[in-house]
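Heads up: the structure comes next, in structure tokens.
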Amino acid sequence: MRANRLGAALAVALTATLTSCGSGEPAESPEAARTSAAAQGPVKLTYWTWAPNMDKIVTVWNQAHPDIQVTVSKQAGGDDAAAKFLTAAKAGNPPELVQAEYQHLPSFIAADAVADLKAETAAIQSQFSEGLWGLVTLGTEGVYGIPQDSGPMMLFYRKDLFHEYGIAVPKTWQEYGEAARTVREKDPQAYLGTFSSKDPGAFTGLAQQAGAQWWSISGESWKVNVADEPTRKVADYWGALVKEGVIDDMPYFTPEWNKALNDGKLLTWPSAVWAPGVLSSNAPKAKGKWAVAPLPQWNAGENYSGFWGGSSTAVSAKTPHKAAAARFATWLNTDPAALDLLVKEAAIYPATTKAQSALSTAPGYFAGQPDFWQQAAAVSAGARGFTFGPNVGVTYNAFKDGFDKALRDGSSFAGAVQAMQDATLADMRKSGFQIAS
């Protein structure tokens, strides 16, 4: 998960205002906890996570909660971790808690692998933005995780070269296209940006910003609309810029891409809040030359974004210790002390609105922009998510295949989106999901 690439950029203490943030964990006296533990023995929970230093955070919980003891099991993360959890759930021996990326939650739900936490989370829902809470909610009924970290998208740009080329920071996507043409005129070896056919997560976030809703569910029936109007609009926009030759088509996270960033031949990156860690590692020569702004908007005056990355804490549906697991998950993601540790030790961008607003010192790579975290918090408040489907892996693979083909033979980007829709729908029908007409 790229959201964990913030590294040292997030190794900063939450300000004192965070200490006033209330926890959703029920109050319990130390004496009551000791009595309970002595009478029954401690509840033992296993937590699968890939976040760094989570064992240090869990130690703090264990010291304060002798009745509920949590053991961390470090995982690799990504698709492999999701597949491993589903396998364990099917075999009947899953961990009590699991770090779950938002896009994988629906597949966990479809497999009856995670518990509905709606009752346990009612008191803390208000601590998260509507868009972020929607990522752990399926339909109008269940809540299947507690948001842990977030990846709202912003526009990262070379402030020095914008000034040199006389380019204003684009506030709309139309202005972004105009700026792309100006860059090519000023330096034929440079591009304003690139479209990556290898990163469906980035495209998903841009589609969310435009208002896409790829999946929805009513009762037992799924509706699939990956090729909806907002998504086609995003695809057509980038396809036209690539065809015109004013936007490059090199994939992200490649040596070629790293070099272009480092050498000032790529001037923007629409990315997520974790980007400073990537830029610091991949473009060290450009430190201090980059700045951040909101994503360009489709309509002037709007303030929308989407999400690229992020994860939640989910509870296994098979655990006999649901209440204890939910109590730990609530503490981990809403308690002020736990949030402080998540930022310092796990280097994540916290999900709660108040914790986001409390971040102060800018990442070192962006030391010249003291309002970095304030901008991130404002962007996060306007970020739109959507319900992911139970076979997002099929959709993402179809993205790579379809857009690789479009770039290779010059075919329509809208055609690639339709191929995503067709592959997703066919797979869901084959798997036996009920599809709404």
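Residue numbers start at 1 in each chain; chains themselves are named A, B, ... in the order of the structure tokens; ligands are numbered from 1 in the order shown.
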
Find the residues of region 296-364 of chain A that sit at most 9 Å from region 70-92 of chain A; for each, write down the nearest two atoms and how far apart they are in Å, to one decimal. Count only C-alpha atoms. Sort by chain, then by number going up, and give it as a tab-separated table.
residue	atom	partner	partner_atom	distance
A:Ser316	CA	A:Ala89	CA	7.9
A:Ala317	CA	A:Ala89	CA	8.6
A:Lys318	CA	A:Gly92	CA	7.5
A:Ala325	CA	A:Val70	CA	8.9
A:Phe328	CA	A:Val70	CA	8.4

Leaving out region 132-141 of chain A and any residue of its chain fewer than 6 positions from it, which residues lie within 10 Å of it when counting only C-alpha atoms, given as a PDB file with C-alpha atoms, in the first residue's frame?
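Below is the file that was written, result-v6.pdb:
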ATOM      1  CA  ALA A 100      -7.691  -4.119   5.339  1.00  0.00           C
ATOM      2  CA  GLU A 101      -7.227  -1.823   2.378  1.00  0.00           C
ATOM      3  CA  TYR A 102     -10.488  -0.136   1.479  1.00  0.00           C
ATOM      4  CA  GLN A 103     -10.731  -1.741  -1.945  1.00  0.00           C
ATOM      5  CA  LEU A 105     -13.144  -4.893   2.174  1.00  0.00           C
ATOM      6  CA  PRO A 106     -16.031  -5.866  -0.179  1.00  0.00           C
ATOM      7  CA  ILE A 109     -17.593  -9.065   3.125  1.00  0.00           C
ATOM      8  CA  ASP A 116     -20.429  -5.920  10.890  1.00  0.00           C
ATOM      9  CA  LEU A 117     -19.341  -3.252  13.391  1.00  0.00           C
ATOM     10  CA  LYS A 118     -22.230  -0.843  12.925  1.00  0.00           C
ATOM     11  CA  GLN A 125     -18.613   7.800  13.032  1.00  0.00           C
ATOM     12  CA  SER A 126     -18.661  11.582  13.412  1.00  0.00           C
ATOM     13  CA  PRO A 147     -10.762   3.841   9.019  1.00  0.00           C
ATOM     14  CA  GLN A 148      -7.099   3.905   9.971  1.00  0.00           C
ATOM     15  CA  ASP A 149      -5.242   5.876   7.328  1.00  0.00           C
ATOM     16  CA  SER A 150      -6.187   7.894   4.298  1.00  0.00           C
ATOM     17  CA  GLY A 151      -4.825   8.841   0.883  1.00  0.00           C
ATOM     18  CA  PRO A 152      -6.588  12.003  -0.352  1.00  0.00           C
ATOM     19  CA  TRP A 215     -20.486  -0.236  -7.738  1.00  0.00           C
ATOM     20  CA  SER A 216     -23.597   0.034  -5.639  1.00  0.00           C
ATOM     21  CA  ILE A 217     -25.688  -2.511  -3.785  1.00  0.00           C
ATOM     22  CA  SER A 218     -29.348  -2.720  -2.880  1.00  0.00           C
ATOM     23  CA  GLY A 219     -30.405  -5.679  -0.808  1.00  0.00           C
ATOM     24  CA  GLU A 220     -28.714  -8.679  -2.423  1.00  0.00           C
ATOM     25  CA  TRP A 222     -25.171  -5.379  -7.192  1.00  0.00           C
ATOM     26  CA  GLY A 306     -10.555  11.275  -4.474  1.00  0.00           C
ATOM     27  CA  PHE A 307      -8.561   8.646  -2.594  1.00  0.00           C
ATOM     28  CA  GLY A 310      -5.598   3.898   2.699  1.00  0.00           C
ATOM     29  CA  SER A 311      -6.727   1.119   4.979  1.00  0.00           C
ATOM     30  CA  SER A 312      -9.000   0.196   7.856  1.00  0.00           C
ATOM     31  CA  THR A 313      -8.972  -2.131  10.843  1.00  0.00           C
ATOM     32  CA  ALA A 314     -11.478  -4.961  10.416  1.00  0.00           C
ATOM     33  CA  ALA A 351      -8.062   8.981   9.181  1.00  0.00           C
ATOM     34  CA  THR A 352      -9.837  11.012  11.864  1.00  0.00           C
ATOM     35  CA  THR A 353     -10.612  14.592  10.905  1.00  0.00           C
ATOM     36  CA  SER A 380      -9.374  15.394   2.721  1.00  0.00           C
ATOM     37  CA  ALA A 381     -12.624  17.016   3.836  1.00  0.00           C
ATOM     38  CA  GLY A 382     -13.737  17.223   0.195  1.00  0.00           C
ATOM     39  CA  ALA A 383     -12.519  13.792  -0.924  1.00  0.00           C
ATOM     40  CA  ARG A 384     -15.158  11.522  -2.424  1.00  0.00           C
ATOM     41  CA  GLY A 385     -14.958   7.751  -2.239  1.00  0.00           C
ATOM     42  CA  PHE A 386     -17.294   5.065  -3.495  1.00  0.00           C
ATOM     43  CA  THR A 387     -18.380   1.542  -2.682  1.00  0.00           C
ATOM     44  CA  PHE A 388     -15.853  -0.928  -4.030  1.00  0.00           C
ATOM     45  CA  GLY A 389     -17.047  -4.181  -5.525  1.00  0.00           C
TER      46      GLY A 389
END

Residues flagged helix (DSSP H, G or I) by DSSP in region 136-268 of chain A, as a PyMOL selection string:
chain A and resi 159-165+173-186+200-210+229-244+255-262

Taking only C-alpha atoms into account, name the residue in A:Gly239, A:Pro66, A:Gly193, A:Pro170 that is nearest to Phe413 (chain A).
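Ranking A:Gly239, A:Pro66, A:Gly193, A:Pro170 by distance to Phe413 (chain A), first place goes to A:Gly239.
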
Please identify which residues in region 106-284 of chain A DSSP calls strand (DSSP E or B) from the backbone, and express them as an MDAnalysis selection string.
chainID A and resid 114 137:138 142:143 146:158 172 191 194 215:218 221:224 248 266 268:272

Name the closest residue to Thr268 (chain A) among the candidates A:Lys171, A:Arg158, A:Arg429, A:Lys405; distances are taken between atoms, counting only C-alpha atoms.
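Residue with the minimum atom-to-atom distance to Thr268 (chain A): A:Arg158.
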
For CA of Leu341 (chain A) and CA of Ala64 (chain A), the interatomic separation in Å (one decimal):
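Computed distance, CA of Leu341 (chain A) to CA of Ala64 (chain A), equals 14.8 Å.
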
Hey, which of A:Thr330, A:Gln434, A:Gln208, A:Gln174 ends up closest to Leu97 (chain A)? Count only C-alpha atoms.
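That would be A:Thr330, the residue with the smallest distance to Leu97 (chain A).
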
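Comparing the minimum interatomic distances between Ala291 (chain A) and each of A:Ala240, A:Ile68, A:Ala367, A:Ala111, counting only C-alpha atoms, we find that A:Ala367 sits nearest.
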
From the list A:Gly301, A:Gly245, A:Gly131, A:Gly368, which residue is nearest Asp160 (chain A) when using only C-alpha atoms?
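Of the candidates, the smallest distance to Asp160 (chain A) is held by A:Gly368.
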
Quick one, how far is CA of Gly264 (chain A) from CA of Ala286 (chain A)?
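Distance between the two atoms: 7.7 Å.
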
Would you mind telling me which residue in A:Ala283, A:Val392, A:Ala293, A:Met420 lies nearest to Arg232 (chain A) when using only C-alpha atoms?
A:Met420

Test item: residues at most 7 Å from Trp269 (chain A), only C-alpha atoms, excluding those fewer than 3 positions along its chain, as a list in words:
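Skipping anything fewer than 3 positions along the chain leaves Leu155, Phe156, Tyr157 and Gly193 of chain A.
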
Kindly export the residues of the current selection with N, CA and C atoms, as an mmCIF file, in the first residue's frame.
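Writing done, so here's out_37.cif:
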data_model
loop_
_atom_site.group_PDB
_atom_site.id
_atom_site.type_symbol
_atom_site.label_atom_id
_atom_site.label_comp_id
_atom_site.auth_asym_id
_atom_site.auth_seq_id
_atom_site.Cartn_x
_atom_site.Cartn_y
_atom_site.Cartn_z
ATOM 1 N N LEU A 155 -2.385 17.863 -5.972
ATOM 2 C CA LEU A 155 -1.497 18.111 -7.109
ATOM 3 C C LEU A 155 -0.132 18.550 -6.589
ATOM 4 N N PHE A 156 0.874 17.738 -6.859
ATOM 5 C CA PHE A 156 2.248 18.083 -6.511
ATOM 6 C C PHE A 156 2.901 18.664 -7.769
ATOM 7 N N TYR A 157 3.591 19.799 -7.610
ATOM 8 C CA TYR A 157 4.115 20.484 -8.799
ATOM 9 C C TYR A 157 5.448 21.173 -8.506
ATOM 10 N N GLY A 193 2.922 16.422 -17.124
ATOM 11 C CA GLY A 193 2.574 15.215 -16.372
ATOM 12 C C GLY A 193 2.592 14.004 -17.265
#

Applying 12 Å and only C-alpha atoms, which residues near Leu266 (chain A) remain after dropping the ones on its own chain fewer than 6 positions away? List them as a ChimeraX atom specification.
/A:156-159,161-162,180,183-184,187-195,246-250,252,256-260,283,286,290

What separation in Å, quoted to one decimal, exists between CA of Lys285 (chain A) and CA of Pro255 (chain A)?
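CA of Lys285 (chain A) sits 14.7 Å away from CA of Pro255 (chain A).
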